[in-house]
file coords-v7.cif (mmCIF, C-alpha atoms and all ligand atoms)
data_entry
#
loop_
_atom_site.label_atom_id
_atom_site.label_comp_id
_atom_site.auth_asym_id
_atom_site.auth_seq_id
_atom_site.Cartn_x
_atom_site.Cartn_y
_atom_site.Cartn_z
CA MET A 113 -79.38 34.07 -97.41
CA PRO A 114 -81.72 36.43 -95.59
CA GLY A 115 -84.56 37.98 -97.58
CA ASP A 116 -83.81 40.85 -99.93
CA LYS A 117 -84.06 44.20 -98.15
CA SER A 118 -85.35 46.17 -101.16
CA VAL A 119 -87.97 43.54 -101.99
CA SER A 120 -88.99 43.21 -98.32
CA HIS A 121 -89.74 46.95 -97.99
CA ARG A 122 -91.78 46.84 -101.18
CA ALA A 123 -93.63 43.65 -100.17
CA LEU A 124 -94.85 45.40 -97.01
CA MET A 125 -95.66 48.73 -98.68
CA LEU A 126 -97.37 47.39 -101.78
CA SER A 127 -99.32 44.78 -99.81
CA ALA A 128 -100.49 47.66 -97.59
CA LEU A 129 -101.71 49.53 -100.70
CA ALA A 130 -103.44 46.48 -102.17
CA VAL A 131 -106.92 45.33 -101.26
CA GLY A 132 -107.18 42.25 -99.07
CA PRO A 133 -104.84 40.04 -97.04
CA ALA A 134 -101.39 38.88 -98.18
CA VAL A 135 -98.88 36.49 -96.62
CA VAL A 136 -95.20 37.30 -97.21
CA SER A 137 -92.59 34.52 -96.86
CA ASN A 138 -88.85 34.99 -96.25
CA LEU A 139 -89.36 38.67 -95.35
CA LEU A 140 -86.06 40.12 -94.14
CA GLU A 141 -86.46 40.60 -90.39
CA SER A 142 -83.94 43.40 -90.03
CA GLU A 143 -84.14 46.79 -88.35
CA ASP A 144 -84.77 48.70 -91.57
CA VAL A 145 -87.65 46.44 -92.56
CA HIS A 146 -89.07 46.58 -89.02
CA ARG A 147 -89.08 50.39 -89.40
CA THR A 148 -91.21 50.09 -92.52
CA ALA A 149 -93.59 47.67 -90.77
CA ALA A 150 -93.89 49.97 -87.74
CA ALA A 151 -94.52 53.02 -89.95
CA LEU A 152 -97.23 51.22 -91.90
CA ARG A 153 -98.86 50.07 -88.65
CA ALA A 154 -98.84 53.68 -87.45
CA LEU A 155 -100.54 54.56 -90.75
CA GLY A 156 -103.36 52.15 -89.90
CA VAL A 157 -102.28 48.98 -91.74
CA PRO A 158 -102.75 45.71 -89.79
CA ILE A 159 -99.43 43.81 -90.00
CA ALA A 160 -98.64 40.70 -87.93
CA ARG A 161 -95.91 38.07 -87.84
CA ASN A 162 -97.34 34.54 -88.00
CA ASP A 163 -95.98 31.70 -85.83
CA ASP A 164 -94.37 30.07 -88.89
CA GLY A 165 -92.26 33.19 -89.55
CA THR A 166 -94.38 34.48 -92.44
CA TRP A 167 -95.97 37.94 -92.24
CA ARG A 168 -99.62 38.86 -92.81
CA ILE A 169 -100.58 42.29 -94.13
CA ASP A 170 -104.22 43.36 -94.45
CA GLY A 171 -104.11 45.85 -97.30
CA VAL A 172 -106.16 49.03 -97.01
CA GLY A 173 -106.02 50.01 -100.71
CA VAL A 174 -104.44 53.04 -102.44
CA GLY A 175 -105.65 56.11 -100.53
CA GLY A 176 -106.64 54.08 -97.47
CA LEU A 177 -103.90 55.09 -95.02
CA ALA A 178 -104.78 56.92 -91.78
CA GLU A 179 -102.92 59.83 -90.16
CA PRO A 180 -100.48 58.67 -87.45
CA ASP A 181 -100.66 60.43 -84.08
CA ASP A 182 -96.90 60.61 -83.63
CA VAL A 183 -93.66 61.17 -85.54
CA LEU A 184 -92.57 58.23 -87.73
CA ASP A 185 -88.99 57.27 -86.82
CA LEU A 186 -87.43 55.56 -89.83
CA GLY A 187 -84.15 54.77 -88.03
CA ASN A 188 -81.32 54.22 -90.53
CA SER A 189 -83.53 53.45 -93.52
CA GLY A 190 -83.41 55.65 -96.62
CA THR A 191 -85.61 53.22 -98.56
CA SER A 192 -88.38 53.37 -95.91
CA THR A 193 -88.22 57.16 -95.89
CA ARG A 194 -88.12 57.90 -99.61
CA LEU A 195 -90.67 55.28 -100.69
CA LEU A 196 -93.10 56.20 -97.89
CA LEU A 197 -92.79 59.88 -98.87
CA GLY A 198 -93.93 58.86 -102.35
CA ILE A 199 -96.91 56.94 -100.98
CA LEU A 200 -97.83 59.74 -98.56
CA ALA A 201 -97.61 62.39 -101.31
CA GLY A 202 -100.88 60.93 -102.61
CA HIS A 203 -102.71 60.71 -99.26
CA VAL A 204 -104.50 63.71 -97.73
CA LEU A 205 -102.68 63.37 -94.39
CA THR A 206 -99.93 65.20 -92.53
CA VAL A 207 -97.08 63.00 -91.37
CA PHE A 208 -93.90 63.90 -89.47
CA MET A 209 -90.75 61.87 -90.08
CA THR A 210 -87.31 61.57 -88.54
CA GLY A 211 -84.45 59.10 -88.38
CA ASP A 212 -81.05 58.39 -86.83
CA ALA A 213 -77.99 60.62 -87.15
CA SER A 214 -77.04 58.98 -90.47
CA LEU A 215 -80.50 59.30 -92.06
CA ARG A 216 -80.88 62.91 -90.87
CA LYS A 217 -77.81 63.81 -92.97
CA ARG A 218 -79.09 62.23 -96.19
CA PRO A 219 -80.52 64.31 -99.06
CA MET A 220 -84.31 64.27 -99.38
CA ALA A 221 -84.60 67.08 -101.96
CA ARG A 222 -84.30 64.41 -104.64
CA VAL A 223 -87.80 63.17 -103.67
CA VAL A 224 -89.20 66.38 -102.18
CA ASP A 225 -88.74 68.27 -105.51
CA PRO A 226 -90.67 65.91 -107.83
CA LEU A 227 -93.31 65.11 -105.17
CA THR A 228 -93.90 68.86 -104.70
CA ARG A 229 -94.57 69.06 -108.44
CA MET A 230 -97.20 66.34 -107.97
CA GLY A 231 -98.94 68.52 -105.36
CA ALA A 232 -97.52 67.38 -102.02
CA GLN A 233 -96.32 69.97 -99.50
CA PHE A 234 -93.26 69.66 -97.28
CA VAL A 235 -91.88 71.48 -94.30
CA ALA A 236 -88.25 70.57 -93.82
CA ARG A 237 -85.11 72.07 -92.41
CA SER A 238 -82.48 73.45 -94.75
CA ARG A 239 -81.63 71.40 -97.83
CA ALA A 240 -84.65 69.13 -97.18
CA ARG A 241 -83.10 66.92 -94.52
CA LEU A 242 -85.09 64.99 -91.90
CA PRO A 243 -86.91 65.76 -89.68
CA LEU A 244 -89.58 66.85 -92.10
CA ALA A 245 -93.35 66.92 -92.45
CA VAL A 246 -95.32 65.99 -95.54
CA THR A 247 -98.91 66.88 -96.36
CA GLY A 248 -100.19 64.82 -99.26
CA ALA A 249 -101.92 66.38 -102.25
CA THR A 250 -105.70 66.71 -102.27
CA SER A 251 -105.68 66.26 -106.05
CA PRO A 252 -102.36 64.61 -106.95
CA MET A 253 -101.11 65.44 -110.42
CA PRO A 254 -99.38 62.94 -112.71
CA LEU A 255 -95.80 63.81 -113.61
CA SER A 256 -93.25 63.06 -116.27
CA TYR A 257 -89.83 63.28 -114.67
CA ARG A 258 -86.28 62.60 -115.79
CA LEU A 259 -84.12 61.34 -112.92
CA PRO A 260 -81.21 63.73 -112.27
CA VAL A 261 -79.47 60.99 -110.23
CA PRO A 262 -79.64 57.25 -110.86
CA SER A 263 -81.81 56.22 -107.89
CA ALA A 264 -84.34 53.43 -107.55
CA GLN A 265 -85.64 55.09 -104.40
CA VAL A 266 -86.48 58.32 -106.27
CA LYS A 267 -87.97 56.40 -109.20
CA SER A 268 -90.07 54.31 -106.80
CA ALA A 269 -91.26 57.32 -104.79
CA ILE A 270 -92.59 58.97 -107.96
CA LEU A 271 -94.23 55.79 -109.28
CA LEU A 272 -95.86 55.19 -105.87
CA ALA A 273 -97.17 58.78 -105.77
CA GLY A 274 -98.44 58.21 -109.32
CA LEU A 275 -100.73 55.46 -108.01
CA SER A 276 -102.88 58.21 -106.45
CA ALA A 277 -102.86 60.52 -109.49
CA PRO A 278 -105.26 60.25 -112.42
CA GLY A 279 -103.59 59.35 -115.72
CA ARG A 280 -100.03 58.31 -116.44
CA THR A 281 -96.95 59.09 -114.36
CA THR A 282 -93.63 58.56 -116.13
CA VAL A 283 -90.10 58.32 -114.77
CA ILE A 284 -87.27 58.51 -117.31
CA GLU A 285 -84.09 56.84 -116.14
CA PRO A 286 -80.94 57.39 -118.18
CA GLU A 287 -79.23 54.53 -116.31
CA VAL A 288 -80.91 51.27 -115.29
CA THR A 289 -81.64 51.05 -111.55
CA ARG A 290 -83.26 48.19 -109.63
CA ASP A 291 -86.80 47.56 -110.87
CA HIS A 292 -88.38 45.73 -107.93
CA THR A 293 -91.16 48.33 -107.58
CA GLU A 294 -92.19 47.99 -111.23
CA ARG A 295 -92.20 44.18 -111.05
CA MET A 296 -94.25 44.00 -107.88
CA LEU A 297 -96.72 46.65 -109.05
CA ARG A 298 -97.35 44.54 -112.16
CA LEU A 299 -97.73 41.39 -110.09
CA LEU A 300 -100.45 43.07 -108.01
CA GLY A 301 -102.34 44.22 -111.11
CA ALA A 302 -101.07 47.73 -111.95
CA THR A 303 -100.27 48.65 -115.55
CA VAL A 304 -96.57 49.51 -115.82
CA THR A 305 -94.92 49.93 -119.20
CA VAL A 306 -91.29 50.51 -120.16
CA GLU A 307 -90.30 52.23 -123.40
CA ALA A 308 -86.91 53.14 -124.84
CA GLU A 309 -86.26 56.85 -125.39
CA GLU A 310 -84.28 58.03 -128.40
CA ASP A 311 -81.18 58.62 -126.28
CA GLY A 312 -81.33 55.09 -124.85
CA ALA A 313 -82.96 56.10 -121.54
CA ARG A 314 -85.91 54.04 -120.25
CA ALA A 315 -89.32 55.66 -119.73
CA ILE A 316 -91.29 53.80 -117.05
CA THR A 317 -94.98 54.63 -116.89
CA VAL A 318 -97.59 53.65 -114.31
CA GLU A 319 -101.33 54.10 -114.90
CA GLY A 320 -102.76 55.93 -111.91
CA GLN A 321 -105.57 54.88 -109.58
CA PRO A 322 -105.35 51.12 -110.14
CA GLU A 323 -107.05 48.61 -107.88
CA LEU A 324 -104.13 46.57 -106.55
CA SER A 325 -105.10 43.00 -105.56
CA ALA A 326 -103.26 41.52 -102.59
CA ARG A 327 -101.20 38.42 -103.38
CA ASP A 328 -99.01 36.13 -101.34
CA LEU A 329 -95.37 36.99 -101.94
CA ASP A 330 -92.08 35.14 -101.51
CA VAL A 331 -88.93 37.23 -101.02
CA PRO A 332 -85.69 36.10 -102.75
CA GLY A 333 -82.40 35.96 -100.84
CA ASP A 334 -80.54 39.28 -100.88
CA PRO A 335 -77.69 39.44 -103.42
CA SER A 336 -76.32 42.48 -101.55
CA SER A 337 -76.02 40.34 -98.40
CA ALA A 338 -74.70 37.34 -100.37
CA ALA A 339 -71.96 39.70 -101.58
CA PHE A 340 -70.14 39.46 -98.22
CA PRO A 341 -69.75 35.66 -97.94
CA ALA A 342 -69.24 35.50 -101.73
CA VAL A 343 -66.24 37.84 -101.58
CA ALA A 344 -64.88 36.12 -98.46
CA ALA A 345 -64.96 32.80 -100.33
CA ALA A 346 -63.57 34.29 -103.55
CA ILE A 347 -60.50 35.83 -101.88
CA LEU A 348 -59.63 32.94 -99.54
CA PRO A 349 -57.93 30.19 -101.59
CA GLY A 350 -59.37 26.75 -100.84
CA SER A 351 -62.83 28.04 -100.00
CA HIS A 352 -65.94 26.47 -101.45
CA LEU A 353 -69.30 28.09 -100.78
CA VAL A 354 -72.80 27.53 -102.17
CA MET A 355 -75.66 30.01 -101.64
CA ARG A 356 -79.15 29.11 -102.80
CA ARG A 357 -82.19 31.10 -103.95
CA VAL A 358 -80.33 34.41 -104.17
CA GLY A 359 -82.01 37.24 -106.09
CA ALA A 360 -80.77 37.31 -109.70
CA ASN A 361 -82.33 40.57 -110.87
CA ALA A 362 -79.87 41.89 -113.50
CA SER A 363 -80.01 45.37 -111.91
CA ARG A 364 -78.30 43.93 -108.80
CA LEU A 365 -75.54 41.76 -110.25
CA GLY A 366 -72.73 44.20 -111.04
CA LEU A 367 -70.51 42.83 -108.26
CA PHE A 368 -70.66 39.27 -109.55
CA THR A 369 -69.84 40.42 -113.10
CA THR A 370 -66.85 42.39 -111.80
CA LEU A 371 -65.58 39.58 -109.56
CA ARG A 372 -65.61 37.23 -112.54
CA GLU A 373 -63.66 39.77 -114.60
CA MET A 374 -61.16 39.82 -111.72
CA GLY A 375 -60.77 36.07 -112.15
CA ALA A 376 -63.10 34.77 -109.44
CA ASP A 377 -64.53 31.28 -109.92
CA ILE A 378 -68.25 31.99 -109.54
CA ARG A 379 -70.82 29.64 -111.06
CA ILE A 380 -74.50 30.46 -111.39
CA SER A 381 -77.13 27.75 -111.79
CA GLY A 382 -80.76 26.89 -111.11
CA GLU A 383 -82.23 30.14 -112.47
CA ARG A 384 -85.96 30.31 -111.71
CA GLU A 385 -88.55 32.85 -110.60
CA VAL A 386 -90.24 33.66 -107.28
CA SER A 387 -92.98 36.30 -107.05
CA GLY A 388 -91.93 37.99 -110.29
CA GLU A 389 -88.21 38.11 -109.40
CA PRO A 390 -85.48 35.84 -110.84
CA VAL A 391 -83.42 33.82 -108.35
CA MET A 392 -80.29 31.67 -108.73
CA ASP A 393 -77.88 29.43 -106.87
CA ILE A 394 -74.31 30.71 -106.59
CA GLU A 395 -71.20 28.59 -106.14
CA VAL A 396 -67.87 30.22 -105.32
CA HIS A 397 -64.40 28.62 -105.23
CA GLY A 398 -61.64 30.66 -103.63
CA GLY A 399 -58.55 31.76 -105.53
CA ARG A 400 -56.50 34.78 -106.48
CA LEU A 401 -57.99 37.90 -108.03
CA GLN A 402 -56.54 40.37 -110.49
CA GLY A 403 -57.10 44.17 -110.35
CA ILE A 404 -59.18 45.65 -113.17
CA GLU A 405 -60.86 48.89 -114.36
CA VAL A 406 -64.52 48.81 -113.39
CA PRO A 407 -66.56 50.85 -115.91
CA PRO A 408 -68.71 53.73 -114.59
CA GLU A 409 -71.87 52.39 -116.26
CA ARG A 410 -71.72 49.45 -113.88
CA ALA A 411 -72.15 51.72 -110.84
CA PRO A 412 -75.98 51.60 -110.55
CA LEU A 413 -75.83 47.78 -110.81
CA THR A 414 -73.20 47.59 -108.06
CA ILE A 415 -74.22 50.57 -105.96
CA ASP A 416 -74.34 48.92 -102.52
CA GLU A 417 -71.43 46.60 -103.22
CA TYR A 418 -68.46 49.00 -103.55
CA PRO A 419 -67.30 48.58 -99.94
CA ILE A 420 -66.98 44.81 -100.35
CA LEU A 421 -65.62 45.16 -103.91
CA ALA A 422 -62.90 47.44 -102.51
CA VAL A 423 -62.04 44.68 -100.03
CA ALA A 424 -61.76 42.17 -102.88
CA ALA A 425 -59.55 44.69 -104.71
CA ALA A 426 -57.35 45.03 -101.59
CA THR A 427 -56.37 41.35 -101.79
CA ALA A 428 -56.03 41.21 -105.60
CA SER A 429 -52.81 41.53 -107.58
CA GLY A 430 -52.50 44.90 -109.27
CA THR A 431 -54.67 47.98 -109.19
CA THR A 432 -58.45 48.24 -109.36
CA VAL A 433 -60.01 51.52 -110.49
CA MET A 434 -63.71 52.17 -109.83
CA ARG A 435 -65.43 55.17 -111.43
CA GLY A 436 -68.88 56.76 -111.41
CA LEU A 437 -69.17 56.58 -107.63
CA ALA A 438 -70.54 60.05 -106.73
CA GLU A 439 -73.64 58.51 -105.10
CA LEU A 440 -71.45 56.69 -102.56
CA ARG A 441 -70.93 60.03 -100.83
CA VAL A 442 -74.62 60.16 -99.78
CA LYS A 443 -75.25 56.58 -98.64
CA GLU A 444 -75.58 55.57 -94.96
CA SER A 445 -72.17 57.25 -94.63
CA ASP A 446 -69.76 58.89 -97.08
CA ARG A 447 -68.65 55.47 -98.28
CA LEU A 448 -65.78 56.71 -100.45
CA ALA A 449 -64.23 58.40 -97.42
CA ALA A 450 -64.95 55.39 -95.18
CA ILE A 451 -63.39 52.93 -97.65
CA GLU A 452 -60.31 55.09 -98.16
CA THR A 453 -59.71 55.72 -94.45
CA GLY A 454 -60.41 52.10 -93.51
CA LEU A 455 -58.22 50.49 -96.16
CA ALA A 456 -55.37 52.90 -95.36
CA ALA A 457 -55.69 51.96 -91.67
CA CYS A 458 -55.29 48.32 -92.73
CA GLY A 459 -52.06 49.00 -94.68
CA VAL A 460 -53.61 49.01 -98.17
CA THR A 461 -52.59 51.60 -100.79
CA VAL A 462 -55.71 53.53 -101.76
CA SER A 463 -56.74 56.91 -103.15
CA SER A 464 -60.04 58.50 -104.09
CA GLY A 465 -61.53 61.54 -105.84
CA PRO A 466 -64.99 63.06 -105.97
CA ASP A 467 -66.40 60.00 -107.77
CA TRP A 468 -63.61 57.46 -108.07
CA LEU A 469 -61.58 55.02 -106.02
CA GLU A 470 -58.27 53.34 -106.77
CA VAL A 471 -57.07 50.38 -104.72
CA THR A 472 -53.68 48.74 -105.13
CA GLY A 473 -54.03 45.15 -104.04
CA CYS A 474 -51.69 43.27 -101.74
CA GLY A 475 -51.59 40.20 -104.02
CA GLY A 476 -52.98 38.09 -101.17
CA ARG A 477 -53.59 38.81 -97.50
CA ALA A 478 -53.68 42.48 -96.44
CA PRO A 479 -51.64 43.65 -93.41
CA GLY A 480 -54.88 44.47 -91.51
CA GLY A 481 -54.76 45.64 -87.90
CA GLY A 482 -56.94 48.73 -88.40
CA LEU A 483 -59.68 50.10 -86.20
CA ILE A 484 -62.60 51.01 -88.47
CA ALA A 485 -65.21 53.67 -87.68
CA ALA A 486 -68.50 52.19 -88.94
CA ASN A 487 -70.36 55.54 -88.74
CA LEU A 488 -73.77 53.81 -88.55
CA ASP A 489 -73.07 52.14 -91.91
CA HIS A 490 -73.82 48.40 -92.01
CA ARG A 491 -72.02 47.76 -95.30
CA ILE A 492 -68.81 49.45 -94.10
CA ALA A 493 -68.90 47.32 -90.93
CA MET A 494 -69.47 44.05 -92.81
CA ALA A 495 -66.95 44.78 -95.58
CA PHE A 496 -64.12 45.45 -93.12
CA LEU A 497 -64.95 42.36 -91.06
CA VAL A 498 -64.54 40.36 -94.30
CA LEU A 499 -61.20 42.11 -94.87
CA GLY A 500 -60.23 40.87 -91.41
CA MET A 501 -60.78 37.30 -92.63
CA ALA A 502 -58.13 37.91 -95.31
CA ALA A 503 -55.68 39.99 -93.24
CA ASP A 504 -52.55 39.12 -91.23
CA ALA A 505 -53.69 41.09 -88.17
CA ALA A 506 -57.29 41.24 -86.95
CA VAL A 507 -59.47 44.09 -88.18
CA THR A 508 -61.71 45.74 -85.56
CA VAL A 509 -64.94 47.63 -86.25
CA ASP A 510 -65.80 50.13 -83.53
CA ASP A 511 -69.57 49.55 -83.58
CA ALA A 512 -71.19 46.66 -85.39
CA ALA A 513 -74.76 47.40 -84.25
CA SER A 514 -75.67 48.81 -87.69
CA ILE A 515 -75.26 45.36 -89.24
CA ALA A 516 -78.73 44.55 -87.88
CA THR A 517 -80.28 47.02 -90.35
CA SER A 518 -79.78 44.57 -93.24
CA PHE A 519 -78.15 41.27 -92.13
CA PRO A 520 -78.86 40.54 -88.44
CA ASP A 521 -77.30 37.03 -88.68
CA PHE A 522 -74.14 38.22 -90.43
CA VAL A 523 -71.69 37.25 -87.66
CA ALA A 524 -73.29 33.83 -87.10
CA THR A 525 -73.45 33.18 -90.87
CA MET A 526 -69.81 34.10 -91.44
CA ASN A 527 -68.67 32.04 -88.45
CA ALA A 528 -70.72 29.06 -89.69
CA VAL A 529 -68.63 29.06 -92.90
CA GLY A 530 -65.28 29.35 -91.15
CA GLY A 531 -64.98 32.98 -90.08
CA ARG A 532 -63.67 33.98 -86.66
CA LEU A 533 -65.67 37.09 -85.86
CA GLY A 534 -66.39 38.04 -82.27
CA LEU A 535 -66.67 40.78 -79.72
CA THR A 536 -63.39 42.14 -78.45
CA GLU A 537 -62.52 43.99 -75.24
CA SER A 538 -59.26 45.41 -76.50
CA VAL A 539 -59.02 47.66 -79.53
CA PRO A 540 -55.80 48.31 -81.45
C1 LIG B 1 -82.53 50.96 -102.86
C2 LIG B 1 -81.94 51.77 -103.80
C3 LIG B 1 -80.54 52.22 -103.71
C4 LIG B 1 -79.74 51.37 -102.74
C5 LIG B 1 -80.46 51.14 -101.46
C6 LIG B 1 -81.78 50.44 -101.70
C7 LIG B 1 -83.95 50.59 -103.03
O1 LIG B 1 -80.52 53.56 -103.24
O2 LIG B 1 -78.49 51.97 -102.50
O3 LIG B 1 -79.69 50.36 -100.58
O4 LIG B 1 -84.41 49.66 -102.33
O5 LIG B 1 -84.61 51.19 -103.87
P1 LIG B 1 -80.63 54.81 -104.24
O6 LIG B 1 -82.00 54.86 -104.78
O7 LIG B 1 -80.31 56.00 -103.38
O8 LIG B 1 -79.59 54.57 -105.30
#

call {"tool": "encode", "arguments": {"input": "coords-v7.cif", "output": "structure tokens", "more": "lines below"}}
Ligand code: S3P
result
Amino acid sequence: MPGDKSVSHRALMLSALAVGPAVVSNLLESEDVHRTAAALRALGVPIARNDDGTWRIDGVGVGGLAEPDDVLDLGNSGTSTRLLLGILAGHVLTVFMTGDASLRKRPMARVVDPLTRMGAQFVARSRARLPLAVTGATSPMPLSYRLPVPSAQVKSAILLAGLSAPGRTTVIEPEVTRDHTERMLRLLGATVTVEAEEDGARAITVEGQPELSARDLDVPGDPSSAAFPAVAAAILPGSHLVMRRVGANASRLGLFTTLREMGADIRISGEREVSGEPVMDIEVHGGRLQGIEVPPERAPLTIDEYPILAVAAATASGTTVMRGLAELRVKESDRLAAIETGLAACGVTVSSGPDWLEVTGCGGRAPGGGLIAANLDHRIAMAFLVLGMAADAAVTVDDAASIATSFPDFVATMNAVGGRLGLTESVP
């Protein structure tokens, strides 16, 4: 499996903020991660790809970034944008940012508001969308902030800004979100503590102004990419697939828990650790799935996997109900709308509300035959191509270019395990 996208962004950013050289292995070489690398280079960080495929970053230390002489174009990448805004909030620089048509629609107020309270200044168009400009705080202030939305990007932005502030910056998260930033900060020498609040929320605190020491890092395989071949294998009877060294961080495993509850034969083994992150081997045997109710508290642990979970649900027997999905409306596309329209175009019974989705499975192969608008959303494109593998008539995605943002070898990987994905001249 290709390197984890979330961990790859953080490996580049945190190595840039550490002191000294670091070599990163198994970095995801996708468009989103290239955007982070290019932005950091523009901010004065030497980053090079070695001949053996590893990456070398010469860290400049917290506070050591330089002002870029042009706009940073973050492409499709929300993680690059929001985490860099956190880092830049603590640097006395002015930086202009933009992105593609999808990223320019995504809400940035969720980071702009807390970072403003820490002393950063922003100029943005209405409702804090890109393009925007940030001027970092001269004297950043520590903050204690309760997340209004469950978002690892917002949590990370605040913790990264807190690196530049004196004293302790705390983020309170009522629901667990991925903790890759906290783990990597600790690995590089920052003090990060987690305490339980009375209401069960977690308070994550970083001590400001640490000296981060550069360290070689190894990136686990991406469980959110493994999700696509895993579901393909799980819904195609007779399949047998093994994926090794996939990230096993509990905050990322909601899909695998749900697939097992739906009756999938998924075995986990070989649990071990690389660079402060757990990894595992996954073995999937294909069979028949059963529709279930997926609890809302599983949403943050499954957040990127609902498009492919909906595809699994479309081939199951019975109805699957997924709740707590409001955040899907502000991902790379409005994923609830994309899933509903796409499944309906493939002959699957589906309905949705503001934060829920209900899919009535076909008890096996779906009719298929739909033409899917990917809307610059890699996970919509990949999910519907997997549906095509389990459909009577081919499923066509209008533009698969976005797949390169997270899983550039997706088509080759799926074809290597028996898929028949290819470019088509004729569309339905
Ligand atoms: C990510 C956090 C999640 C996720 C995204 C990557 C990260 O976004 O959907 O793909 O690397 O922190 P939110 O923070 O918006 O939930």

call {"tool": "residues_near_ligand", "arguments": {"input": "coords-v7.cif", "ligand": "ligand LIG 1 (chain B)", "cutoff": "9 Å", "atoms": "all atoms listed in the file", "output": "tab-separated table (two decimals) with C-alpha atoms, keeping the file's coordinate frame"}}
result
chain	number	residue	atom	x	y	z
A	117	LYS	CA	-84.06	44.20	-98.15
A	118	SER	CA	-85.35	46.17	-101.16
A	119	VAL	CA	-87.97	43.54	-101.99
A	120	SER	CA	-88.99	43.21	-98.32
A	121	HIS	CA	-89.74	46.95	-97.99
A	122	ARG	CA	-91.78	46.84	-101.18
A	189	SER	CA	-83.53	53.45	-93.52
A	190	GLY	CA	-83.41	55.65	-96.62
A	191	THR	CA	-85.61	53.22	-98.56
A	192	SER	CA	-88.38	53.37	-95.91
A	194	ARG	CA	-88.12	57.90	-99.61
A	195	LEU	CA	-90.67	55.28	-100.69
A	261	VAL	CA	-79.47	60.99	-110.23
A	262	PRO	CA	-79.64	57.25	-110.86
A	263	SER	CA	-81.81	56.22	-107.89
A	264	ALA	CA	-84.34	53.43	-107.55
A	265	GLN	CA	-85.64	55.09	-104.40
A	266	VAL	CA	-86.48	58.32	-106.27
A	267	LYS	CA	-87.97	56.40	-109.20
A	268	SER	CA	-90.07	54.31	-106.80
A	289	THR	CA	-81.64	51.05	-111.55
A	290	ARG	CA	-83.26	48.19	-109.63
A	291	ASP	CA	-86.80	47.56	-110.87
A	292	HIS	CA	-88.38	45.73	-107.93
A	293	THR	CA	-91.16	48.33	-107.58
A	336	SER	CA	-76.32	42.48	-101.55
A	412	PRO	CA	-75.98	51.60	-110.55
A	414	THR	CA	-73.20	47.59	-108.06
A	415	ILE	CA	-74.22	50.57	-105.96
A	416	ASP	CA	-74.34	48.92	-102.52
A	417	GLU	CA	-71.43	46.60	-103.22
A	439	GLU	CA	-73.64	58.51	-105.10
A	440	LEU	CA	-71.45	56.69	-102.56
A	442	VAL	CA	-74.62	60.16	-99.78
A	443	LYS	CA	-75.25	56.58	-98.64
A	444	GLU	CA	-75.58	55.57	-94.96

call {"tool": "residues_around", "arguments": {"input": "coords-v7.cif", "residues": "A:Leu275", "least_positions_apart": "5", "cutoff": "7 Å", "atoms": "only C-alpha atoms", "output": "PyMOL selection string"}}
result
chain A and resi 320-322

call {"tool": "write_last_selection", "arguments": {"input": "coords-v7.cif", "atoms": "C-alpha atoms", "output": "CSV table (one decimal), keeping the file's coordinate frame"}}
result
chain,number,residue,atom,x,y,z
A,320,GLY,CA,-102.8,55.9,-111.9
A,321,GLN,CA,-105.6,54.9,-109.6
A,322,PRO,CA,-105.4,51.1,-110.1

call {"tool": "atom_distance", "arguments": {"input": "coords-v7.cif", "atom1": "atom CA of A:Gln233", "atom2": "atom CA of A:Ile199"}}
result
13.1 Å

call {"tool": "residues_around", "arguments": {"input": "coords-v7.cif", "residues": "A:Leu367", "least_positions_apart": "4", "cutoff": "12 Å", "atoms": "all atoms listed in the file", "output": "NGL selection string"}}
result
:A and (335-340 or 342-343 or 346 or 360 or 362-363 or 371-374 or 376 or 378 or 406-407 or 410-425 or 434)

call {"tool": "residues_around", "arguments": {"input": "coords-v7.cif", "residues": "stretch 295-307 of chain A", "least_positions_apart": "6", "cutoff": "9 Å", "atoms": "only C-alpha atoms", "output": "PyMOL selection string"}}
result
chain A and resi 119+122-123+126-127+130+275+313-327+387-389

call {"tool": "atom_distance", "arguments": {"input": "coords-v7.cif", "atom1": "atom CA of A:Arg435", "atom2": "atom CA of A:Ser464"}}
result
9.7 Å

call {"tool": "closest_atom_pairs", "arguments": {"input": "coords-v7.cif", "of": "stretch 209-276 of chain A", "to": "stretch 146-162 of chain A", "cutoff": "12 Å", "atoms": "only C-alpha atoms", "output": "Markdown table"}}
result
| residue | atom | partner | partner_atom | distance |
| --- | --- | --- | --- | --- |
| A:Met209 | CA | A:Ala151 | CA | 9.6 |
| A:Thr210 | CA | A:Ala151 | CA | 11.3 |
| A:Gly211 | CA | A:Arg147 | CA | 9.9 |
| A:Asp212 | CA | A:Arg147 | CA | 11.6 |

call {"tool": "write_last_selection", "arguments": {"input": "coords-v7.cif", "atoms": "C-alpha atoms", "output": "short mmCIF file (atom, residue, chain, number, x, y, z; two decimals), keeping the file's coordinate frame"}}
result
data_model
loop_
_atom_site.label_atom_id
_atom_site.label_comp_id
_atom_site.auth_asym_id
_atom_site.auth_seq_id
_atom_site.Cartn_x
_atom_site.Cartn_y
_atom_site.Cartn_z
CA MET A 209 -90.75 61.87 -90.08
CA THR A 210 -87.31 61.57 -88.54
CA GLY A 211 -84.45 59.10 -88.38
CA ASP A 212 -81.05 58.39 -86.83
#

call {"tool": "residues_around", "arguments": {"input": "coords-v7.cif", "residues": "A:Pro341", "least_positions_apart": "4", "cutoff": "12 Å", "atoms": "only C-alpha atoms", "output": "number ranges by chain"}}
result
A: 113, 334-337, 345-348, 351-355, 394-398, 420-421, 424, 494-495, 497-499, 501, 519, 522-531

call {"tool": "closest_residue", "arguments": {"input": "coords-v7.cif", "among": "A:Val135, A:Val509, A:Leu205, A:Ala450", "to": "A:Gly534", "atoms": "only C-alpha atoms"}}
result
A:Val509
